[in-house]
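Reviewing the structure listed below.
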Amino acid sequence: MTPLHTPADPGSKAPAKDHNLSDFFAFRDEAKEVEFYRHDMPTPWMNYLSNGTFHTMLSHAGGGVAFYKSPQIWRITRYRFFHLPTDRSGPYLYIQNADTGSYWNPTYEPAFTKPEQWKSAHGMGYTRFEAAREDVAAKTVYFVGPYENSLIWNLTLTNTGSETRRLNVYAYAEFGMMEFMRELQWQCYNKHQVSVQYHETGALIYKYGVENQPKPWETPLVYFAADTPLYSYDGDREEFIGSYRSESNPAAIEHGGCTGSTLMGGDPCGALQFKIELQPGETRTINVFLGTAMDEEEIVQAVQRSREPDFVSRSFAALGANWQHYLDAWSCELPDREAERMINIWNPYQSHRNFLFSRNISFYATGTFRGVGYRDTSQDILAVIPFDTEAARDKIKLLLGQQYGDGHVNHYFFPVEGWDPVTSIHSDDHLWTALAVWDWIAETGDASLLQETVPFYDGGEGTVYEHLKRAIDFTASKLGPNGFPLMLRSDWNDQLFRVCRQGKGESIWTAMQLGTVLRRMRDLADLAGYPEHIEGYDRMYEEQKQLVNTLGWDGRWFRRAVMDDGRFLGTDEHDEAKIWLNAQTWATLSGMADEEKGRVAMDSVHDILDTELGIKKLHPSITTFPDPADPLTNYNKGTGENGAVFCHANTWAIIAECMLGRGDRAYKYYRQLIPNVAMERAGLWRYKAEPYVYASNLFGPESDKFGLANVSWLSGTAAWMYVAATQYIMGVKPVLEGLSIDPCIPQEWDSFSVKRRFRGSDYEISVKNESGVFKGVREIRVDGQPIEGRVVPAYPAGSTVRVEVLM
């Protein structure tokens, strides 16, 4: 184990751009962890602890929020987004010297007195803190195990000195009023309807009983308990914290301990006090449980189970085993250690969290309105399919249940909360699902999914294939004057709603997306038993391809859209927004671009849009186009959707360059956005976001904060980066016939290897590039025998298949 670090002076200046990143964090790949050596990172660096039902978002410094199923209606604790002090509140432990009264936190924050030594780490589903002060060492592991819906706080205290230590230990959580938006609006009345009571089991029970809840019969009770006898407790925040104080200096800790308060109206909290005496060299463990259950009887049972001697160790072991099994589905050894780490550990981990939470709650998103985004989740599924086909299948069917009989879908929906969906109609939403269905069938070899029945949102039902076909039919019924799909509310780029407010705007990009989907629909029609549909799909594809290569071509790149007034968007004729990234990449992804046009368009991306920190979404940024009184966007230059490096869109440039066989350029685009690589180039204080997960975007060169990463964790970047790296750079891609292997790599890579679960068998793939090429497979041998082509067939379940690939 690496040693503890002496924390920096809390009054020191903000980290400078030229700081050595190793002073702040380091990856421990063998443990699948990232370790932190300072608490004062530029932003809170988060982790998600979850068993799929009970969740906690927790920072490297101990701030965070716990919620049950939904952060909109069952938010258990408070987190103060955008407010100062940063990163408050959290599940805090306080350690007090009972003789001197001095107290501190293993999380570093929030007490004024700090540990003498400290570090923390995020791992797969857990966050760990190690700290020491005055001969007391504290190790705390927070995690959500698979057996109970609770956040487990596993605290181990050791007396490293030569004298007996008498300690007061406090566990504290500030309870929220579950419905976050109602709390903001109506807390003055809601607080009269909440309570915190002491139960004879030694647990505090928090009840949110506010009238007119969305689902009162599903609203849980919250319990706060431990496996160590209580000395005292508090359920009233004002009694524990006091007036004009904060979590930094709670009155109860400074004035003799918890007061025994309960609450029948007010601001609720949970505070537990324990008295511990440690002899020299002695170690004691306290386990605290912040959990949910539906009634008091269930709480009693949950607390009893949690207090069993091996409960915490069993829970942590099961958490580790679950992640080991999950990640064992795909691993690689690469010449690039940073890429290998990302692909083996952090990218699939982030993708899984996206799959759980869509774009709901993060340090940047308050978890108040997004629910499940149809287009977002359709894409998130792509990176989960190799790891958990059952969960992916269930999510596909959940999405299709939001489709109307005419083929369009709800934009956002709220399956947990039960709220009405957001019903705006976009040109792209309904088309994404076909990509996930095709990938699922390629992964499993099971086409029966197409025959499963799913209800339509507005009544009736149809097979999965019928749902997908109606999505195509809907787009075919909504073509504009030029023959491209109508933009409707917008396409993938939500800011484009301003080009189609009169309902006449068309999306050239959606034509390309449609083409990508139509090529999948040919296969799905055949598998579903409708080969007669293929001719129609082919005809539609060719019609759109013709338009893309004529009206959609601007001379050096593809145009982006047609505006209501008939003018093209994304043309050299205009001073702003001349070239848009997505139109260039998807022209190749769809196979629609004539070969030379595809190369020229991607050369324009390289020459005009690429920067040292990724590819800009468009250029030049918009300030007055098309009308100074009504510009296309309100984003500042170089931010968000206006000339920023939109990381999600960069993934498609990687794929396009792989499809064009240009491995050097594809890998440049991939590597420059590996988070810690981008951070090192931009500087920690400029980049700010986590160096282990992808962000949605980086401010572009037209901004004075070029390189600032924001909206991290929950981003479509994660799924598509995983697809780009595994299926296109390494070229190991499931297809209907088996496992296609067609890498596109840097010339200097002389070899790499992949281990992959596929249809119940383990494939051990070694690739040798003795010829030093970007792309091209000369020979594939399976168990020593050469095969024809580049597709390795599926072998009987339980097999170990050894594949040698010569480029």
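Following the order of the structure tokens, first chain is A, next is B, and so on, with residues numbered from 1 inside each chain and ligands from 1 in the order they appear.
For A:Leu356, the residues within 12 Å (counting only C-alpha atoms, excluding itself and residues fewer than 5 positions away along the chain) are Tyr48, Leu49, Ser50, Asn51, Gly52, Thr53, Phe54, His55, Lys69, Ser70, Tyr349, Gln350, Ser351, Ile361, Gly371, Val372, Gly373, Asp376, Thr377, Asp380, Ile381, Val384, Ala391, Ala392, Lys395, Trp713 and Leu714 of chain A.
Neighbouring residues of stretch 490-496 of chain A at 7 Å or closer, counting only C-alpha atoms and skipping chain neighbours under 2 positions away, are His426, Ser427, Asp428, Met487, Leu488, Arg498, Val499, Thr510 and Thr633 of chain A.
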- Message: Among stretch 415-477 of chain A, which residues does DSSP mark as strand (DSSP E) when it is run on the backbone? Keep the chain and numbering as in the structure and answer as a VMD selection string.
- Response: chain A and resid 453 to 455 461 to 463
- Task: Extract, using only C-alpha atoms, all DNA, RNA and protein residues at most 8 Å from A:Ile396, discarding same-chain residues fewer than 2 positions from it, and format them as a VMD selection string.
- Result: chain A and resid 378 381 392 to 394 398 to 400 433 436 to 437
Residues of the last selection are to be written out with N, CA, C and O atoms, as a PDB file, in the first residue's frame.
ATOM      1  N   SER A 378     -30.275   5.016 -25.597  1.00  0.00           N
ATOM      2  CA  SER A 378     -30.075   4.145 -26.755  1.00  0.00           C
ATOM      3  C   SER A 378     -28.594   3.990 -27.067  1.00  0.00           C
ATOM      4  O   SER A 378     -28.129   2.899 -27.447  1.00  0.00           O
ATOM      5  N   ILE A 381     -26.505   1.979 -24.200  1.00  0.00           N
ATOM      6  CA  ILE A 381     -26.656   0.526 -24.284  1.00  0.00           C
ATOM      7  C   ILE A 381     -25.496  -0.104 -25.053  1.00  0.00           C
ATOM      8  O   ILE A 381     -25.053  -1.220 -24.731  1.00  0.00           O
ATOM      9  N   ALA A 392     -29.060  -5.060 -20.996  1.00  0.00           N
ATOM     10  CA  ALA A 392     -29.202  -4.303 -22.238  1.00  0.00           C
ATOM     11  C   ALA A 392     -30.534  -4.612 -22.916  1.00  0.00           C
ATOM     12  O   ALA A 392     -31.212  -3.702 -23.419  1.00  0.00           O
ATOM     13  N   ARG A 393     -30.904  -5.876 -22.936  1.00  0.00           N
ATOM     14  CA  ARG A 393     -32.189  -6.267 -23.538  1.00  0.00           C
ATOM     15  C   ARG A 393     -33.359  -5.596 -22.823  1.00  0.00           C
ATOM     16  O   ARG A 393     -34.282  -5.068 -23.462  1.00  0.00           O
ATOM     17  N   ASP A 394     -33.323  -5.610 -21.498  1.00  0.00           N
ATOM     18  CA  ASP A 394     -34.407  -4.990 -20.733  1.00  0.00           C
ATOM     19  C   ASP A 394     -34.494  -3.496 -21.018  1.00  0.00           C
ATOM     20  O   ASP A 394     -35.596  -2.923 -21.124  1.00  0.00           O
ATOM     21  N   LEU A 398     -37.518  -1.285 -22.550  1.00  0.00           N
ATOM     22  CA  LEU A 398     -38.013  -0.124 -21.811  1.00  0.00           C
ATOM     23  C   LEU A 398     -38.120   1.077 -22.745  1.00  0.00           C
ATOM     24  O   LEU A 398     -39.123   1.807 -22.739  1.00  0.00           O
ATOM     25  N   LEU A 399     -37.106   1.281 -23.559  1.00  0.00           N
ATOM     26  CA  LEU A 399     -37.121   2.402 -24.494  1.00  0.00           C
ATOM     27  C   LEU A 399     -38.257   2.259 -25.506  1.00  0.00           C
ATOM     28  O   LEU A 399     -39.007   3.212 -25.758  1.00  0.00           O
ATOM     29  N   LEU A 400     -38.374   1.083 -26.086  1.00  0.00           N
ATOM     30  CA  LEU A 400     -39.387   0.896 -27.124  1.00  0.00           C
ATOM     31  C   LEU A 400     -40.799   1.095 -26.577  1.00  0.00           C
ATOM     32  O   LEU A 400     -41.724   1.421 -27.328  1.00  0.00           O
ATOM     33  N   THR A 433     -32.534   3.342 -31.712  1.00  0.00           N
ATOM     34  CA  THR A 433     -32.756   2.025 -31.094  1.00  0.00           C
ATOM     35  C   THR A 433     -32.332   0.887 -32.007  1.00  0.00           C
ATOM     36  O   THR A 433     -31.884  -0.160 -31.523  1.00  0.00           O
ATOM     37  N   ALA A 436     -28.832  -0.315 -31.385  1.00  0.00           N
ATOM     38  CA  ALA A 436     -28.683  -1.136 -30.186  1.00  0.00           C
ATOM     39  C   ALA A 436     -29.217  -2.545 -30.414  1.00  0.00           C
ATOM     40  O   ALA A 436     -28.610  -3.532 -29.971  1.00  0.00           O
ATOM     41  N   VAL A 437     -30.342  -2.671 -31.099  1.00  0.00           N
ATOM     42  CA  VAL A 437     -30.911  -3.998 -31.355  1.00  0.00           C
ATOM     43  C   VAL A 437     -29.967  -4.818 -32.240  1.00  0.00           C
ATOM     44  O   VAL A 437     -29.716  -5.999 -31.972  1.00  0.00           O
TER      45      VAL A 437
END
Would you mind listing what lies within 6 Å of stretch 203-210 of chain A as a PDB file with C-alpha atoms, in the first residue's frame, with only C-alpha atoms counted and same-chain residues fewer than 5 positions away left out?
ATOM      1  CA  ASN A 190     -42.789  20.443   3.893  1.00  0.00           C
ATOM      2  CA  GLN A 193     -44.326  16.890   7.707  1.00  0.00           C
ATOM      3  CA  VAL A 194     -40.989  15.114   8.254  1.00  0.00           C
ATOM      4  CA  SER A 195     -39.775  13.316  11.333  1.00  0.00           C
ATOM      5  CA  VAL A 196     -36.727  11.630  12.829  1.00  0.00           C
ATOM      6  CA  GLN A 197     -37.350   9.196  15.666  1.00  0.00           C
ATOM      7  CA  TYR A 198     -35.144   6.929  17.753  1.00  0.00           C
ATOM      8  CA  LEU A 221     -38.230   5.027   5.434  1.00  0.00           C
ATOM      9  CA  VAL A 222     -34.579   5.895   5.975  1.00  0.00           C
ATOM     10  CA  TYR A 223     -32.585   4.316   8.775  1.00  0.00           C
ATOM     11  CA  PHE A 224     -29.267   5.321  10.273  1.00  0.00           C
ATOM     12  CA  ALA A 225     -27.685   2.710  12.489  1.00  0.00           C
TER      13      ALA A 225
END
- Task: Excluding stretch 240-246 of chain A and residues on its chain fewer than 4 positions from it, collect all residues at most 10 Å away from it, counting only C-alpha atoms, and give them as a ChimeraX atom specification.
- Result: /A:85,88-89,110-111,172,233-236,250-255,257-261,269-271
- List every residue of stretch 503-633 of chain A that DSSP, applied to the backbone of this structure, assigns to helix (DSSP H, G or I), and report them as a VMD selection string. chain A and resid 508 to 528 531 to 549 581 to 589 595 to 609
- Message: Give me, as a list in words, all polymer residues having an atom no more than 6 Å from A:Asn769, counting only C-alpha atoms and skipping those fewer than 3 positions away in the same chain.
- Response: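 So the residues in contact are Asp750, Ser751, Gly772 and Met807 of chain A.
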So that I have them on file, write out the residues from the current selection with C-alpha atoms, as an mmCIF file, in the first residue's frame.
data_model
loop_
_atom_site.group_PDB
_atom_site.id
_atom_site.type_symbol
_atom_site.label_atom_id
_atom_site.label_comp_id
_atom_site.auth_asym_id
_atom_site.auth_seq_id
_atom_site.Cartn_x
_atom_site.Cartn_y
_atom_site.Cartn_z
ATOM 1 C CA ASP A 750 3.897 -4.156 -33.436
ATOM 2 C CA SER A 751 1.385 -6.214 -31.452
ATOM 3 C CA GLY A 772 4.040 -1.904 -39.675
ATOM 4 C CA MET A 807 -1.573 -7.751 -40.297
#
- Task: Could you check which of A:Gly683, A:Gly291, A:Gly125, A:Gly738 is closest to A:Lys705, using only C-alpha atoms?
- Result: A:Gly683
- Message: Give me the residues near A:Pro743 as a PyMOL selection string, where near means some atom within 10 Å (using only C-alpha atoms) and where sequence neighbours in that chain fewer than 2 positions away do not count.
- Response: chain A and resi 658-659+661+663+725-733+740-741+745-746+767+769+774-777+805+807
Generate the output file for the selected residues, N, CA and C atoms, as a PDB file, in the first residue's frame.
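Written output follows (part_25.pdb):
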ATOM      1  N   CYS A 658     -10.954   5.276 -38.875  1.00  0.00           N
ATOM      2  CA  CYS A 658     -10.689   3.823 -38.928  1.00  0.00           C
ATOM      3  C   CYS A 658     -11.328   3.219 -40.176  1.00  0.00           C
ATOM      4  N   MET A 659     -12.537   3.626 -40.486  1.00  0.00           N
ATOM      5  CA  MET A 659     -13.202   3.100 -41.675  1.00  0.00           C
ATOM      6  C   MET A 659     -12.467   3.507 -42.952  1.00  0.00           C
ATOM      7  N   GLY A 661      -9.257   3.749 -42.985  1.00  0.00           N
ATOM      8  CA  GLY A 661      -7.976   3.061 -42.924  1.00  0.00           C
ATOM      9  C   GLY A 661      -6.824   3.912 -42.448  1.00  0.00           C
ATOM     10  N   GLY A 663      -5.098   4.813 -39.558  1.00  0.00           N
ATOM     11  CA  GLY A 663      -4.920   4.490 -38.146  1.00  0.00           C
ATOM     12  C   GLY A 663      -4.155   5.521 -37.360  1.00  0.00           C
ATOM     13  N   ALA A 725     -12.812   2.470 -29.552  1.00  0.00           N
ATOM     14  CA  ALA A 725     -11.546   1.836 -29.188  1.00  0.00           C
ATOM     15  C   ALA A 725     -11.564   0.333 -29.428  1.00  0.00           C
ATOM     16  N   THR A 726     -12.641  -0.317 -29.028  1.00  0.00           N
ATOM     17  CA  THR A 726     -12.652  -1.787 -29.079  1.00  0.00           C
ATOM     18  C   THR A 726     -13.046  -2.328 -30.445  1.00  0.00           C
ATOM     19  N   GLN A 727     -14.050  -1.709 -31.080  1.00  0.00           N
ATOM     20  CA  GLN A 727     -14.578  -2.261 -32.326  1.00  0.00           C
ATOM     21  C   GLN A 727     -13.902  -1.710 -33.573  1.00  0.00           C
ATOM     22  N   TYR A 728     -13.245  -0.563 -33.465  1.00  0.00           N
ATOM     23  CA  TYR A 728     -12.672   0.051 -34.657  1.00  0.00           C
ATOM     24  C   TYR A 728     -11.152   0.169 -34.586  1.00  0.00           C
ATOM     25  N   ILE A 729     -10.594   0.691 -33.495  1.00  0.00           N
ATOM     26  CA  ILE A 729      -9.132   0.727 -33.397  1.00  0.00           C
ATOM     27  C   ILE A 729      -8.589  -0.696 -33.237  1.00  0.00           C
ATOM     28  N   MET A 730      -9.043  -1.412 -32.217  1.00  0.00           N
ATOM     29  CA  MET A 730      -8.638  -2.815 -32.085  1.00  0.00           C
ATOM     30  C   MET A 730      -9.386  -3.709 -33.066  1.00  0.00           C
ATOM     31  N   GLY A 731     -10.514  -3.246 -33.541  1.00  0.00           N
ATOM     32  CA  GLY A 731     -11.206  -3.923 -34.635  1.00  0.00           C
ATOM     33  C   GLY A 731     -11.882  -5.222 -34.276  1.00  0.00           C
ATOM     34  N   VAL A 732     -12.168  -5.458 -33.006  1.00  0.00           N
ATOM     35  CA  VAL A 732     -12.822  -6.700 -32.579  1.00  0.00           C
ATOM     36  C   VAL A 732     -14.303  -6.383 -32.416  1.00  0.00           C
ATOM     37  N   LYS A 733     -15.071  -6.747 -33.429  1.00  0.00           N
ATOM     38  CA  LYS A 733     -16.463  -6.301 -33.504  1.00  0.00           C
ATOM     39  C   LYS A 733     -17.394  -7.476 -33.738  1.00  0.00           C
ATOM     40  N   SER A 740     -15.877 -10.320 -35.987  1.00  0.00           N
ATOM     41  CA  SER A 740     -15.049  -9.713 -37.024  1.00  0.00           C
ATOM     42  C   SER A 740     -13.796  -9.120 -36.384  1.00  0.00           C
ATOM     43  N   ILE A 741     -12.637  -9.328 -37.031  1.00  0.00           N
ATOM     44  CA  ILE A 741     -11.381  -8.792 -36.517  1.00  0.00           C
ATOM     45  C   ILE A 741     -10.693  -8.024 -37.638  1.00  0.00           C
ATOM     46  N   ILE A 745      -4.741   0.616 -36.534  1.00  0.00           N
ATOM     47  CA  ILE A 745      -3.879   0.991 -35.411  1.00  0.00           C
ATOM     48  C   ILE A 745      -2.731   1.880 -35.886  1.00  0.00           C
ATOM     49  N   PRO A 746      -2.015   2.488 -34.954  1.00  0.00           N
ATOM     50  CA  PRO A 746      -0.797   3.217 -35.334  1.00  0.00           C
ATOM     51  C   PRO A 746       0.249   2.254 -35.907  1.00  0.00           C
ATOM     52  N   VAL A 767      -2.678 -10.112 -31.901  1.00  0.00           N
ATOM     53  CA  VAL A 767      -2.514  -9.433 -33.184  1.00  0.00           C
ATOM     54  C   VAL A 767      -1.053  -9.038 -33.342  1.00  0.00           C
ATOM     55  N   ASN A 769       1.722  -7.071 -35.892  1.00  0.00           N
ATOM     56  CA  ASN A 769       1.810  -6.091 -36.971  1.00  0.00           C
ATOM     57  C   ASN A 769       3.270  -5.942 -37.402  1.00  0.00           C
ATOM     58  N   PHE A 774      -1.164   0.351 -41.005  1.00  0.00           N
ATOM     59  CA  PHE A 774      -2.295   0.885 -40.258  1.00  0.00           C
ATOM     60  C   PHE A 774      -3.440  -0.115 -40.213  1.00  0.00           C
ATOM     61  N   LYS A 775      -3.702  -0.748 -41.341  1.00  0.00           N
ATOM     62  CA  LYS A 775      -4.909  -1.558 -41.470  1.00  0.00           C
ATOM     63  C   LYS A 775      -4.653  -2.646 -42.513  1.00  0.00           C
ATOM     64  N   GLY A 776      -5.359  -3.736 -42.363  1.00  0.00           N
ATOM     65  CA  GLY A 776      -5.265  -4.823 -43.328  1.00  0.00           C
ATOM     66  C   GLY A 776      -4.869  -6.117 -42.648  1.00  0.00           C
ATOM     67  N   VAL A 777      -5.725  -7.123 -42.746  1.00  0.00           N
ATOM     68  CA  VAL A 777      -5.463  -8.430 -42.148  1.00  0.00           C
ATOM     69  C   VAL A 777      -4.982  -9.385 -43.233  1.00  0.00           C
ATOM     70  N   VAL A 805      -3.806 -13.219 -35.331  1.00  0.00           N
ATOM     71  CA  VAL A 805      -4.082 -12.315 -36.447  1.00  0.00           C
ATOM     72  C   VAL A 805      -2.766 -11.719 -36.928  1.00  0.00           C
ATOM     73  N   MET A 807      -1.231  -8.906 -39.469  1.00  0.00           N
ATOM     74  CA  MET A 807      -1.573  -7.751 -40.297  1.00  0.00           C
ATOM     75  C   MET A 807      -0.540  -7.592 -41.399  1.00  0.00           C
TER      76      MET A 807
END
